[in-house]
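Single-structure report; data block below.
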Amino acid sequence: MSQRVYWYGVGKVEAQNLEAYRALIGEVIAHIEAEEPGTLFYDVQLAADGTTVLLHEHYQDSDAAMKHLMGFGPKFGPRYAALVEVSSITVFGDCSPALRAITDAMGATYASESLGAVCR
């Protein structure tokens, strides 16, 4: 079984907060590039409706995901929570018990069985 962990998130940003959210994501990306070598993929997209945000985060393993969350929370968490209402997070992969405790608190749901995948 792969040690990689990834998740998809969906949230809403009010139109008046969109520019602040864009700026915050720029800071987050810069932090990840500088401080998180175990973050393999971090992508934030804006849906066609202009207010739904779609996140795809992919980590080398549970430790890398924990490093991200432990860095993100104190540095960006309060501002992020003020700008985005997260509606869902779906987690895939091998979560350690410590990571699962955090994602449980975030209201995550979990994929339970891979029916097949290709990752290059």
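Identifiers in this document derive from the order of the structure tokens: chains are assigned A, B, ..., residues are numbered from 1 separately in each chain, and ligands are numbered from 1 in order of occurrence.
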
#### Entry: Spatial neighbours of Glu14 of chain A, 12 Å, only C-alpha atoms, chain gap at least 6 places, as a VMD selection string
chain A and resid 20 to 21 49 to 53 82 to 86

Export of prior selection with C-alpha atoms as a short mmCIF file (atom, residue, chain, number, x, y, z; two decimals), in the first residue's frame:
```
data_model
loop_
_atom_site.label_atom_id
_atom_site.label_comp_id
_atom_site.auth_asym_id
_atom_site.auth_seq_id
_atom_site.Cartn_x
_atom_site.Cartn_y
_atom_site.Cartn_z
CA ALA A 20 -7.83 38.62 0.06
CA TYR A 21 -8.13 34.86 -0.50
CA ASP A 49 -19.14 30.23 -10.40
CA GLY A 50 -16.37 32.51 -9.09
CA THR A 51 -16.85 31.65 -5.41
CA THR A 52 -16.30 27.89 -5.07
CA VAL A 53 -12.71 26.91 -4.35
CA ALA A 82 -12.23 33.97 8.11
CA LEU A 83 -12.26 33.85 4.30
CA VAL A 84 -13.45 30.34 3.42
CA GLU A 85 -16.34 28.15 4.49
CA VAL A 86 -15.10 24.62 3.88
#
```

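Looking only at segment 25-94 of chain A, the set that DSSP places in strand (DSSP E or B) from backbone geometry is Thr39, Leu40, Phe41, Tyr42, Asp43, Val44, Gln45, Leu46, Thr52, Val53, Leu54, Leu55, His56, Glu57, His58, Tyr59, Val84, Glu85, Val86, Ser87, Ser88, Ile89, Thr90, Val91, Phe92 and Gly93 of chain A.
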
Using the selection just defined, write its residues with C-alpha atoms as a PDB file, in the first residue's frame.
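Heads up, here's the output in result.pdb:
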```pdb
ATOM      1  CA  THR A  39       4.183  18.416  -0.167  1.00  0.00           C
ATOM      2  CA  LEU A  40       4.170  16.874  -3.624  1.00  0.00           C
ATOM      3  CA  PHE A  41       1.217  18.761  -5.091  1.00  0.00           C
ATOM      4  CA  TYR A  42      -0.837  21.678  -3.802  1.00  0.00           C
ATOM      5  CA  ASP A  43      -3.368  23.134  -6.188  1.00  0.00           C
ATOM      6  CA  VAL A  44      -6.150  25.629  -5.525  1.00  0.00           C
ATOM      7  CA  GLN A  45      -8.644  26.299  -8.302  1.00  0.00           C
ATOM      8  CA  LEU A  46     -11.580  28.661  -8.580  1.00  0.00           C
ATOM      9  CA  THR A  52     -16.301  27.887  -5.070  1.00  0.00           C
ATOM     10  CA  VAL A  53     -12.708  26.906  -4.354  1.00  0.00           C
ATOM     11  CA  LEU A  54     -11.382  23.430  -5.085  1.00  0.00           C
ATOM     12  CA  LEU A  55      -8.259  22.197  -3.339  1.00  0.00           C
ATOM     13  CA  HIS A  56      -6.091  19.197  -4.166  1.00  0.00           C
ATOM     14  CA  GLU A  57      -3.290  18.484  -1.731  1.00  0.00           C
ATOM     15  CA  HIS A  58      -0.919  15.523  -2.122  1.00  0.00           C
ATOM     16  CA  TYR A  59       1.724  14.544   0.435  1.00  0.00           C
ATOM     17  CA  VAL A  84     -13.452  30.340   3.416  1.00  0.00           C
ATOM     18  CA  GLU A  85     -16.336  28.153   4.491  1.00  0.00           C
ATOM     19  CA  VAL A  86     -15.097  24.616   3.884  1.00  0.00           C
ATOM     20  CA  SER A  87     -17.936  22.322   2.858  1.00  0.00           C
ATOM     21  CA  SER A  88     -16.091  19.034   2.376  1.00  0.00           C
ATOM     22  CA  ILE A  89     -12.742  17.291   2.648  1.00  0.00           C
ATOM     23  CA  THR A  90     -12.211  13.787   1.291  1.00  0.00           C
ATOM     24  CA  VAL A  91      -9.009  12.027   2.366  1.00  0.00           C
ATOM     25  CA  PHE A  92      -7.261   9.236   0.462  1.00  0.00           C
ATOM     26  CA  GLY A  93      -4.281   7.086   1.426  1.00  0.00           C
TER      27      GLY A  93
END
```

#### Entry: Those of chain A in DSSP alpha helix (DSSP H), formatted as a count of residues only
49

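Counting only C-alpha atoms, the residue from A:Gly77, A:Gly71, A:Pro97, A:Gly107 that sits nearest to Ile32 of chain A is A:Gly71.
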
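The spacing separating atom CA of Met106 of chain A from atom CA of His68 of chain A amounts to 14.4 Å.
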